[in-house]
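Asker: data27.cif is the file, holding mmCIF, C-alpha atoms:
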data_work
loop_
_atom_site.group_PDB
_atom_site.id
_atom_site.type_symbol
_atom_site.label_atom_id
_atom_site.label_comp_id
_atom_site.auth_asym_id
_atom_site.auth_seq_id
_atom_site.Cartn_x
_atom_site.Cartn_y
_atom_site.Cartn_z
ATOM 1 C CA GLN A 1 0.000 0.000 0.000
ATOM 2 C CA GLN A 2 1.724 3.154 -1.241
ATOM 3 C CA PRO A 3 1.678 6.020 1.285
ATOM 4 C CA VAL A 4 0.124 9.306 0.194
ATOM 5 C CA GLN A 5 2.289 12.412 0.284
ATOM 6 C CA SER A 6 1.127 16.018 0.258
ATOM 7 C CA PRO A 7 1.672 18.484 -1.165
ATOM 8 C CA GLN A 8 2.958 17.229 -4.523
ATOM 9 C CA ALA A 9 5.108 20.305 -4.930
ATOM 10 C CA VAL A 10 6.047 23.396 -2.956
ATOM 11 C CA ILE A 11 8.049 26.492 -3.811
ATOM 12 C CA LEU A 12 9.759 28.470 -1.080
ATOM 13 C CA ARG A 13 11.979 31.470 -0.722
ATOM 14 C CA GLU A 14 15.149 30.986 1.238
ATOM 15 C CA GLY A 15 14.429 31.197 4.954
ATOM 16 C CA GLU A 16 10.796 30.088 4.740
ATOM 17 C CA ASP A 17 9.364 26.980 6.396
ATOM 18 C CA ALA A 18 7.586 23.984 4.890
ATOM 19 C CA VAL A 19 5.739 20.889 6.041
ATOM 20 C CA ILE A 20 5.426 17.694 4.035
ATOM 21 C CA ASN A 21 2.907 15.074 5.078
ATOM 22 C CA CYS A 22 2.841 11.317 4.582
ATOM 23 C CA SER A 23 -0.246 9.214 5.319
ATOM 24 C CA SER A 24 -0.951 5.518 5.330
ATOM 25 C CA SER A 25 -4.167 3.544 5.586
ATOM 26 C CA LYS A 26 -2.308 0.686 7.254
ATOM 27 C CA ALA A 27 -0.725 0.422 10.693
ATOM 28 C CA LEU A 28 2.924 1.332 10.351
ATOM 29 C CA TYR A 29 6.028 0.102 12.087
ATOM 30 C CA SER A 30 8.273 2.866 10.823
ATOM 31 C CA VAL A 31 8.421 5.872 8.534
ATOM 32 C CA HIS A 32 11.583 6.789 6.643
ATOM 33 C CA TRP A 33 12.338 10.104 4.958
ATOM 34 C CA TYR A 34 14.677 10.470 1.978
ATOM 35 C CA ARG A 35 15.721 13.358 -0.231
ATOM 36 C CA GLN A 36 16.683 12.985 -3.862
ATOM 37 C CA LYS A 37 18.414 15.758 -5.744
ATOM 38 C CA HIS A 38 18.116 15.894 -9.500
ATOM 39 C CA GLY A 39 20.209 13.193 -11.145
ATOM 40 C CA GLU A 40 21.319 11.721 -7.839
ATOM 41 C CA ALA A 41 20.388 8.750 -5.685
ATOM 42 C CA PRO A 42 17.938 9.181 -2.785
ATOM 43 C CA VAL A 43 19.689 9.903 0.505
ATOM 44 C CA PHE A 44 18.424 8.908 3.942
ATOM 45 C CA LEU A 45 17.338 11.750 6.246
ATOM 46 C CA MET A 46 15.764 10.064 9.243
ATOM 47 C CA ILE A 47 13.538 7.303 10.521
ATOM 48 C CA LEU A 48 10.648 7.374 12.966
ATOM 49 C CA LEU A 49 9.704 4.195 14.734
ATOM 50 C CA LYS A 50 6.379 3.216 16.214
ATOM 51 C CA GLY A 51 6.403 4.453 19.774
ATOM 52 C CA GLY A 52 9.480 6.563 19.122
ATOM 53 C CA GLU A 53 10.088 10.240 19.618
ATOM 54 C CA GLN A 54 10.283 13.053 17.147
ATOM 55 C CA LYS A 55 13.575 13.027 15.312
ATOM 56 C CA GLY A 56 15.664 15.945 14.182
ATOM 57 C CA HIS A 57 18.426 16.572 11.692
ATOM 58 C CA GLU A 58 19.803 20.130 11.773
ATOM 59 C CA LYS A 59 16.840 22.266 10.748
ATOM 60 C CA ILE A 60 14.872 19.319 9.429
ATOM 61 C CA SER A 61 12.725 17.365 11.865
ATOM 62 C CA ALA A 62 9.843 14.930 11.680
ATOM 63 C CA SER A 63 7.053 13.488 13.767
ATOM 64 C CA PHE A 64 4.939 10.342 13.637
ATOM 65 C CA ASN A 65 1.308 10.297 14.765
ATOM 66 C CA GLU A 66 0.474 6.653 15.379
ATOM 67 C CA LYS A 67 -3.230 7.271 15.852
ATOM 68 C CA LYS A 68 -3.505 8.852 12.421
ATOM 69 C CA GLN A 69 -0.724 6.760 10.809
ATOM 70 C CA GLN A 70 0.678 10.005 9.557
ATOM 71 C CA SER A 71 4.154 11.475 9.551
ATOM 72 C CA SER A 72 5.150 15.062 8.913
ATOM 73 C CA LEU A 73 8.526 16.414 7.830
ATOM 74 C CA TYR A 74 9.320 19.943 8.989
ATOM 75 C CA LEU A 75 11.854 22.085 7.161
ATOM 76 C CA THR A 76 12.600 25.332 8.945
ATOM 77 C CA ALA A 77 14.523 28.344 7.678
ATOM 78 C CA SER A 78 14.978 26.594 4.339
ATOM 79 C CA GLN A 79 18.253 26.808 2.463
ATOM 80 C CA LEU A 80 18.941 26.497 -1.248
ATOM 81 C CA SER A 81 20.484 23.099 -0.552
ATOM 82 C CA TYR A 82 17.120 21.782 0.635
ATOM 83 C CA SER A 83 15.796 21.720 -2.919
ATOM 84 C CA GLY A 84 14.967 18.249 -4.167
ATOM 85 C CA THR A 85 12.277 15.611 -4.083
ATOM 86 C CA TYR A 86 11.349 14.283 -0.654
ATOM 87 C CA PHE A 87 10.079 10.749 -0.322
ATOM 88 C CA CYS A 88 8.536 9.072 2.652
ATOM 89 C CA GLY A 89 8.944 5.329 2.924
ATOM 90 C CA THR A 90 6.753 3.209 5.146
ATOM 91 C CA GLU A 91 7.347 -0.170 6.667
ATOM 92 C CA MET A 92 4.860 -2.540 8.270
ATOM 93 C CA ARG A 93 5.386 -5.639 10.327
ATOM 94 C CA GLY A 94 3.686 -8.947 9.872
ATOM 95 C CA GLY A 95 1.619 -10.341 7.045
ATOM 96 C CA GLY A 96 4.725 -10.897 4.988
ATOM 97 C CA SER A 97 5.482 -7.184 4.845
ATOM 98 C CA ASN A 98 8.580 -7.153 7.012
ATOM 99 C CA TYR A 99 11.517 -5.316 5.481
ATOM 100 C CA LYS A 100 9.408 -4.035 2.600
ATOM 101 C CA LEU A 101 9.979 -0.303 2.313
ATOM 102 C CA THR A 102 7.185 1.294 0.274
ATOM 103 C CA PHE A 103 7.625 4.862 -0.941
ATOM 104 C CA GLY A 104 5.179 7.633 -1.722
ATOM 105 C CA LYS A 105 5.187 9.531 -5.025
ATOM 106 C CA GLY A 106 7.343 12.283 -3.615
ATOM 107 C CA THR A 107 7.120 16.011 -2.933
ATOM 108 C CA LEU A 108 9.155 18.345 -5.123
ATOM 109 C CA LEU A 109 10.589 21.144 -3.005
ATOM 110 C CA THR A 110 12.123 24.162 -4.707
ATOM 111 C CA VAL A 111 13.895 26.812 -2.673
ATOM 112 C CA ASN A 112 14.566 30.074 -4.491
ATOM 113 C CA PRO A 113 16.931 32.872 -3.420
ATOM 114 C CA LYS B 1 33.722 2.179 2.224
ATOM 115 C CA ALA B 2 32.415 1.701 -1.288
ATOM 116 C CA GLY B 3 28.765 2.508 -1.896
ATOM 117 C CA VAL B 4 26.128 0.611 -3.829
ATOM 118 C CA THR B 5 27.209 0.044 -7.418
ATOM 119 C CA GLN B 6 24.798 -0.454 -10.265
ATOM 120 C CA THR B 7 25.759 -1.430 -13.791
ATOM 121 C CA PRO B 8 25.265 -0.423 -16.454
ATOM 122 C CA ARG B 9 24.302 3.195 -15.873
ATOM 123 C CA TYR B 10 22.444 3.524 -19.160
ATOM 124 C CA LEU B 11 20.772 1.045 -21.466
ATOM 125 C CA ILE B 12 18.780 1.320 -24.666
ATOM 126 C CA LYS B 13 16.790 -1.732 -25.672
ATOM 127 C CA THR B 14 14.182 -2.579 -28.256
ATOM 128 C CA ARG B 15 10.660 -3.743 -27.482
ATOM 129 C CA GLY B 16 10.525 -7.495 -27.015
ATOM 130 C CA GLN B 17 14.123 -7.841 -25.893
ATOM 131 C CA GLN B 18 15.198 -8.766 -22.415
ATOM 132 C CA VAL B 19 17.618 -6.994 -20.104
ATOM 133 C CA THR B 20 19.644 -7.804 -16.998
ATOM 134 C CA LEU B 21 20.683 -5.172 -14.496
ATOM 135 C CA SER B 22 23.276 -5.668 -11.788
ATOM 136 C CA CYS B 23 23.619 -4.329 -8.249
ATOM 137 C CA SER B 24 26.560 -4.751 -5.903
ATOM 138 C CA PRO B 25 25.588 -3.791 -2.331
ATOM 139 C CA ILE B 26 27.774 -2.268 0.329
ATOM 140 C CA SER B 27 30.134 -4.860 1.720
ATOM 141 C CA GLY B 28 28.450 -6.777 4.524
ATOM 142 C CA HIS B 29 24.918 -5.860 3.514
ATOM 143 C CA ARG B 30 22.781 -8.883 2.817
ATOM 144 C CA SER B 31 19.513 -7.118 1.993
ATOM 145 C CA VAL B 32 19.036 -5.758 -1.518
ATOM 146 C CA SER B 33 15.838 -4.107 -2.744
ATOM 147 C CA TRP B 34 14.926 -3.010 -6.252
ATOM 148 C CA TYR B 35 12.747 -0.041 -7.229
ATOM 149 C CA GLN B 36 11.383 1.356 -10.459
ATOM 150 C CA GLN B 37 11.277 5.146 -10.623
ATOM 151 C CA THR B 38 9.173 6.955 -13.202
ATOM 152 C CA PRO B 39 8.020 10.584 -13.286
ATOM 153 C CA GLY B 40 4.936 11.041 -11.164
ATOM 154 C CA GLN B 41 4.947 7.526 -9.709
ATOM 155 C CA GLY B 42 7.761 7.816 -7.228
ATOM 156 C CA LEU B 43 9.680 4.718 -6.232
ATOM 157 C CA GLN B 44 7.741 1.552 -6.966
ATOM 158 C CA PHE B 45 8.911 -1.478 -5.002
ATOM 159 C CA LEU B 46 9.866 -4.453 -7.136
ATOM 160 C CA PHE B 47 11.349 -7.011 -4.740
ATOM 161 C CA GLU B 48 13.730 -7.519 -1.836
ATOM 162 C CA TYR B 49 16.320 -10.226 -1.399
ATOM 163 C CA PHE B 50 18.133 -11.379 1.712
ATOM 164 C CA SER B 51 20.748 -14.114 1.734
ATOM 165 C CA GLU B 52 19.753 -15.334 -1.722
ATOM 166 C CA THR B 53 16.043 -15.550 -0.826
ATOM 167 C CA GLN B 54 13.289 -13.289 -2.048
ATOM 168 C CA ARG B 55 11.564 -11.968 1.078
ATOM 169 C CA ASN B 56 9.139 -9.539 -0.506
ATOM 170 C CA LYS B 57 7.676 -8.828 -3.889
ATOM 171 C CA GLY B 58 5.818 -5.838 -5.286
ATOM 172 C CA ASN B 59 2.956 -5.730 -7.745
ATOM 173 C CA PHE B 60 4.808 -6.141 -10.989
ATOM 174 C CA PRO B 61 4.158 -8.702 -13.734
ATOM 175 C CA GLY B 62 6.130 -11.913 -13.904
ATOM 176 C CA ARG B 63 8.323 -10.422 -16.639
ATOM 177 C CA PHE B 64 10.243 -8.807 -13.793
ATOM 178 C CA SER B 65 12.410 -11.234 -11.896
ATOM 179 C CA GLY B 66 15.492 -11.140 -9.779
ATOM 180 C CA ARG B 67 18.021 -13.178 -7.936
ATOM 181 C CA GLN B 68 20.779 -12.768 -5.412
ATOM 182 C CA PHE B 69 24.087 -14.528 -5.296
ATOM 183 C CA SER B 70 26.055 -15.828 -2.326
ATOM 184 C CA ASN B 71 28.189 -12.672 -2.312
ATOM 185 C CA SER B 72 24.964 -10.618 -1.993
ATOM 186 C CA ARG B 73 25.245 -9.174 -5.477
ATOM 187 C CA SER B 74 21.844 -9.037 -7.103
ATOM 188 C CA GLU B 75 20.541 -9.040 -10.639
ATOM 189 C CA MET B 76 17.210 -7.983 -11.994
ATOM 190 C CA ASN B 77 15.863 -9.290 -15.263
ATOM 191 C CA VAL B 78 13.069 -7.928 -17.404
ATOM 192 C CA SER B 79 11.886 -10.074 -20.274
ATOM 193 C CA THR B 80 9.799 -9.086 -23.288
ATOM 194 C CA LEU B 81 10.430 -5.397 -22.776
ATOM 195 C CA GLU B 82 7.603 -2.915 -23.276
ATOM 196 C CA LEU B 83 7.796 0.826 -23.874
ATOM 197 C CA GLY B 84 6.341 1.386 -20.401
ATOM 198 C CA ASP B 85 9.330 -0.314 -18.821
ATOM 199 C CA SER B 86 11.429 2.752 -19.586
ATOM 200 C CA ALA B 87 12.470 4.027 -16.176
ATOM 201 C CA LEU B 88 15.263 4.530 -13.708
ATOM 202 C CA TYR B 89 15.869 1.297 -11.816
ATOM 203 C CA LEU B 90 17.352 1.775 -8.371
ATOM 204 C CA CYS B 91 18.675 -0.766 -5.967
ATOM 205 C CA ALA B 92 19.244 -0.214 -2.283
ATOM 206 C CA SER B 93 21.111 -2.227 0.315
ATOM 207 C CA ARG B 94 20.632 -2.388 4.063
ATOM 208 C CA SER B 95 22.628 -3.985 6.841
ATOM 209 C CA ASP B 96 21.047 -6.677 9.008
ATOM 210 C CA TYR B 97 20.577 -4.294 11.908
ATOM 211 C CA GLY B 98 20.539 -0.946 10.197
ATOM 212 C CA VAL B 99 17.492 0.942 9.137
ATOM 213 C CA GLU B 100 18.971 3.192 6.506
ATOM 214 C CA ALA B 101 18.697 2.092 2.894
ATOM 215 C CA PHE B 102 21.691 3.071 0.774
ATOM 216 C CA PHE B 103 20.779 3.641 -2.857
ATOM 217 C CA GLY B 104 22.882 3.177 -5.938
ATOM 218 C CA GLN B 105 22.976 5.723 -8.768
ATOM 219 C CA GLY B 106 20.538 3.632 -10.764
ATOM 220 C CA THR B 107 20.330 2.219 -14.271
ATOM 221 C CA ARG B 108 18.460 4.342 -16.791
ATOM 222 C CA LEU B 109 16.617 1.956 -19.121
ATOM 223 C CA THR B 110 15.103 3.262 -22.327
ATOM 224 C CA VAL B 111 12.927 0.964 -24.403
ATOM 225 C CA VAL B 112 12.401 2.006 -28.024
#
Before anything else, please render the file you have as structure tokens.
Answerer:
Amino acid sequence: QQPVQSPQAVILREGEDAVINCSSSKALYSVHWYRQKHGEAPVFLMILLKGGEQKGHEKISASFNEKKQQSSLYLTASQLSYSGTYFCGTEMRGGGSNYKLTFGKGTLLTVNP
Amino acid sequence: KAGVTQTPRYLIKTRGQQVTLSCSPISGHRSVSWYQQTPGQGLQFLFEYFSETQRNKGNFPGRFSGRQFSNSRSEMNVSTLELGDSALYLCASRSDYGVEAFFGQGTRLTVV
């Protein structure tokens, strides 16, 4: 079951904030966040585990709401280097789904000067 | 340490042909997953291998197959190529206890 990401695209000016959401209709074990710059491989940002706390990575942080099966990625005071496509990947446990990382369609983030 | 290596980087094939893509994971990683990336569809999961066994499979037709060797290197095969198979194929490796998936640069397949 592919998670649903929103928005599909967002344009920011340097210094502005953004939130990217990732929702699943299934109970999740973990949510992963990756960023892919144009022409490059996706790069891991962080993981949120069921029952875990909000994670942070410099000015990028994320949360996981288990009741809603939704994760949000927060980018504060955006920099030009934040531009890229952000993917959330979800993992379930049981039912033969262990270790299967399923990604959303991505959110294209563009940060302009 | 060396990252995930995918070969070849680019391929052009004709409809009806078959193709084999290769992925060498990070040394020590036994899990290898394959994804198809197309514009607007994100990363579509193909399958995951661990210690030469397929643990998970996505919703792709049987024309897509894979295997993993004892050294953890993995190959993906697509038979009877269709125009819609044109995509970037990415593989990712994970350690037994790690959570981060390390992606290769991908193989860009164009079917004409």
Asker: Select residues of chain B: the criterion is any atom within 6 Å of an atom of chain A, counting all atoms listed in the file; output as a list in words.
Answerer: Gln41, Gly42, Leu43, Phe103 and Gln105 of chain B
Asker: Evaluating the PyMOL selection byres ((chain B and resi 37) around 8) on the displayed file yields which residues, as a PyMOL selection string?
Answerer: chain B and resi 35-36+38-39+41-44+87-90
Asker: Please dump the current selection as a PDB file, keeping the file's coordinate frame; keep C-alpha atoms.
Answerer:
ATOM      1  CA  TYR B  35      12.747  -0.041  -7.229  1.00  0.00           C
ATOM      2  CA  GLN B  36      11.383   1.356 -10.459  1.00  0.00           C
ATOM      3  CA  THR B  38       9.173   6.955 -13.202  1.00  0.00           C
ATOM      4  CA  PRO B  39       8.020  10.584 -13.286  1.00  0.00           C
ATOM      5  CA  GLN B  41       4.947   7.526  -9.709  1.00  0.00           C
ATOM      6  CA  GLY B  42       7.761   7.816  -7.228  1.00  0.00           C
ATOM      7  CA  LEU B  43       9.680   4.718  -6.232  1.00  0.00           C
ATOM      8  CA  GLN B  44       7.741   1.552  -6.966  1.00  0.00           C
ATOM      9  CA  ALA B  87      12.470   4.027 -16.176  1.00  0.00           C
ATOM     10  CA  LEU B  88      15.263   4.530 -13.708  1.00  0.00           C
ATOM     11  CA  TYR B  89      15.869   1.297 -11.816  1.00  0.00           C
ATOM     12  CA  LEU B  90      17.352   1.775  -8.371  1.00  0.00           C
TER      13      LEU B  90
END
Asker: Translate the PyMOL selection byres ((chain A and resi 84) around 9) into a concrete residue list for this structure, as a list of chain:residue names.
Answerer: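 Evaluating the PyMOL selection byres ((chain A and resi 84) around 9) on this file yields A:Arg35, A:Gln36, A:Lys37, A:His38, A:Ser81, A:Tyr82, A:Ser83, A:Thr85, A:Tyr86, A:Thr107, A:Leu108, A:Leu109, A:Thr110, A:Val111.
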Asker: Produce a file of the selected residues containing C-alpha atoms, as a PDB file, in the frame of the given file.
Answerer:
ATOM      1  CA  ARG A  35      15.721  13.358  -0.231  1.00  0.00           C
ATOM      2  CA  GLN A  36      16.683  12.985  -3.862  1.00  0.00           C
ATOM      3  CA  LYS A  37      18.414  15.758  -5.744  1.00  0.00           C
ATOM      4  CA  HIS A  38      18.116  15.894  -9.500  1.00  0.00           C
ATOM      5  CA  SER A  81      20.484  23.099  -0.552  1.00  0.00           C
ATOM      6  CA  TYR A  82      17.120  21.782   0.635  1.00  0.00           C
ATOM      7  CA  SER A  83      15.796  21.720  -2.919  1.00  0.00           C
ATOM      8  CA  THR A  85      12.277  15.611  -4.083  1.00  0.00           C
ATOM      9  CA  TYR A  86      11.349  14.283  -0.654  1.00  0.00           C
ATOM     10  CA  THR A 107       7.120  16.011  -2.933  1.00  0.00           C
ATOM     11  CA  LEU A 108       9.155  18.345  -5.123  1.00  0.00           C
ATOM     12  CA  LEU A 109      10.589  21.144  -3.005  1.00  0.00           C
ATOM     13  CA  THR A 110      12.123  24.162  -4.707  1.00  0.00           C
ATOM     14  CA  VAL A 111      13.895  26.812  -2.673  1.00  0.00           C
TER      15      VAL A 111
END
Asker: Evaluate the PyMOL selection byres ((chain B and resi 85) around 9) against this structure - the residues, as a compact mmCIF listing (two decimals) with C-alpha atoms, in the coordinates of the input, please.
Answerer:
# COMPACT_ATOMS: atom_id res chain seq x y z
CA GLN B 36 11.38 1.36 -10.46
CA VAL B 78 13.07 -7.93 -17.40
CA LEU B 81 10.43 -5.40 -22.78
CA GLU B 82 7.60 -2.92 -23.28
CA LEU B 83 7.80 0.83 -23.87
CA GLY B 84 6.34 1.39 -20.40
CA SER B 86 11.43 2.75 -19.59
CA ALA B 87 12.47 4.03 -16.18
CA LEU B 109 16.62 1.96 -19.12
CA THR B 110 15.10 3.26 -22.33
CA VAL B 111 12.93 0.96 -24.40
Asker: So which one's closest to Leu46 of chain B, B:Arg30, B:Gly104, B:Thr7, B:Ser65? Using all atoms listed in the file, please.
Answerer: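 Residue with the minimum atom-to-atom distance to Leu46 of chain B: B:Ser65.
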Asker: So how many Å separate atom CA of Ser95 of chain B and atom CA of Val32 of chain B, to one decimal?
Answerer: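 According to the coordinates, atom CA of Ser95 of chain B and atom CA of Val32 of chain B are separated by 9.3 Å.
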Asker: From (25.6, -3.4, -0.1), in the file's coordinates, out to 10 Å: which residues are reached, counting all atoms listed in the file? Answer as a ChimeraX atom specification.
Answerer: /B:2-5,23-32,71-74,91-95,101-104
Asker: Which value, in Å to one decimal, gives the distance between atom CA of Pro8 of chain B and atom CA of Met76 of chain B?
Answerer: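 Computed distance, atom CA of Pro8 of chain B to atom CA of Met76 of chain B, equals 11.9 Å.
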Asker: Between atom CA of Gln5 of chain A and atom CA of Gly40 of chain B, what is the distance, to one decimal in Å?
Answerer: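 Distance between the two atoms: 11.8 Å.
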Asker: Using all atoms listed in the file for the distances, tell me which of A:Pro3, A:Thr90, A:Val19, A:Ile11 is nearest to Leu73 of chain A.
Answerer: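 Smallest distance to Leu73 of chain A is found for A:Val19.
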Asker: Find the residue from B:Asn56, B:Glu100, B:Arg63, B:Gln6 that sits nearest to Glu75 of chain B; use all atoms listed in the file when measuring.
Answerer: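 Counting all atoms listed in the file, the residue closest to Glu75 of chain B is B:Gln6.
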Asker: I'd like the neighbourhood of Ala27 of chain A as a list of chain:residue names, where a residue qualifies if any of its atoms comes within 8 Å (using all atoms listed in the file), though same-chain residues fewer than 2 positions away should be ignored.
Answerer: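 Near Ala27 of chain A, the qualifying residues are A:Ser24, A:Ser25, A:Tyr29, A:Glu66, A:Gln69, A:Met92.
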Asker: What would segment 75-95 of chain A look like with N, CA, C and O atoms in place, written as a short mmCIF file (atom, residue, chain, number, x, y, z; two decimals), keeping the file's coordinate frame?
Answerer:
data_model
loop_
_atom_site.label_atom_id
_atom_site.label_comp_id
_atom_site.auth_asym_id
_atom_site.auth_seq_id
_atom_site.Cartn_x
_atom_site.Cartn_y
_atom_site.Cartn_z
N LEU A 75 10.63 21.43 7.62
CA LEU A 75 11.85 22.08 7.16
C LEU A 75 11.76 23.55 7.58
O LEU A 75 10.86 24.27 7.13
N THR A 76 12.64 23.96 8.45
CA THR A 76 12.60 25.33 8.94
C THR A 76 13.77 26.14 8.39
O THR A 76 14.86 25.60 8.16
N ALA A 77 13.51 27.42 8.20
CA ALA A 77 14.52 28.34 7.68
C ALA A 77 15.23 27.71 6.48
O ALA A 77 16.45 27.52 6.49
N SER A 78 14.46 27.37 5.46
CA SER A 78 14.98 26.59 4.34
C SER A 78 16.19 27.24 3.67
O SER A 78 16.32 28.47 3.62
N GLN A 79 17.05 26.38 3.18
CA GLN A 79 18.25 26.81 2.46
C GLN A 79 18.16 26.31 1.03
O GLN A 79 17.40 25.38 0.73
N LEU A 80 18.95 26.91 0.16
CA LEU A 80 18.94 26.50 -1.25
C LEU A 80 19.23 25.01 -1.38
O LEU A 80 18.69 24.32 -2.25
N SER A 81 20.09 24.51 -0.49
CA SER A 81 20.48 23.10 -0.55
C SER A 81 19.36 22.14 -0.21
O SER A 81 19.48 20.93 -0.40
N TYR A 82 18.25 22.65 0.30
CA TYR A 82 17.12 21.78 0.64
C TYR A 82 16.31 21.38 -0.59
O TYR A 82 15.47 20.49 -0.51
N SER A 83 16.55 22.03 -1.70
CA SER A 83 15.80 21.72 -2.92
C SER A 83 15.99 20.27 -3.31
O SER A 83 17.09 19.72 -3.22
N GLY A 84 14.92 19.64 -3.75
CA GLY A 84 14.97 18.25 -4.17
C GLY A 84 13.60 17.62 -4.00
O GLY A 84 12.63 18.30 -3.65
N THR A 85 13.53 16.34 -4.26
CA THR A 85 12.28 15.61 -4.08
C THR A 85 12.37 14.81 -2.79
O THR A 85 13.32 14.06 -2.59
N TYR A 86 11.39 14.97 -1.94
CA TYR A 86 11.35 14.28 -0.65
C TYR A 86 10.39 13.10 -0.74
O TYR A 86 9.25 13.24 -1.15
N PHE A 87 10.89 11.97 -0.32
CA PHE A 87 10.08 10.75 -0.32
C PHE A 87 9.91 10.24 1.10
O PHE A 87 10.87 10.22 1.87
N CYS A 88 8.70 9.81 1.41
CA CYS A 88 8.54 9.07 2.65
C CYS A 88 8.43 7.60 2.28
O CYS A 88 7.86 7.23 1.26
N GLY A 89 9.01 6.77 3.11
CA GLY A 89 8.94 5.33 2.92
C GLY A 89 8.34 4.72 4.17
O GLY A 89 8.69 5.11 5.28
N THR A 90 7.42 3.81 4.00
CA THR A 90 6.75 3.21 5.15
C THR A 90 7.02 1.71 5.21
O THR A 90 7.20 1.04 4.20
N GLU A 91 7.07 1.23 6.43
CA GLU A 91 7.35 -0.17 6.67
C GLU A 91 6.32 -0.71 7.65
O GLU A 91 6.03 -0.06 8.65
N MET A 92 5.78 -1.89 7.35
CA MET A 92 4.86 -2.54 8.27
C MET A 92 5.53 -3.79 8.83
O MET A 92 6.61 -4.17 8.39
N ARG A 93 4.89 -4.38 9.78
CA ARG A 93 5.39 -5.64 10.33
C ARG A 93 4.28 -6.67 10.26
O ARG A 93 3.12 -6.39 10.51
N GLY A 94 4.66 -7.88 9.93
CA GLY A 94 3.69 -8.95 9.87
C GLY A 94 3.02 -9.04 8.51
O GLY A 94 3.16 -8.15 7.68
N GLY A 95 2.35 -10.14 8.30
CA GLY A 95 1.62 -10.34 7.04
C GLY A 95 2.53 -10.41 5.85
O GLY A 95 2.12 -10.12 4.73
#
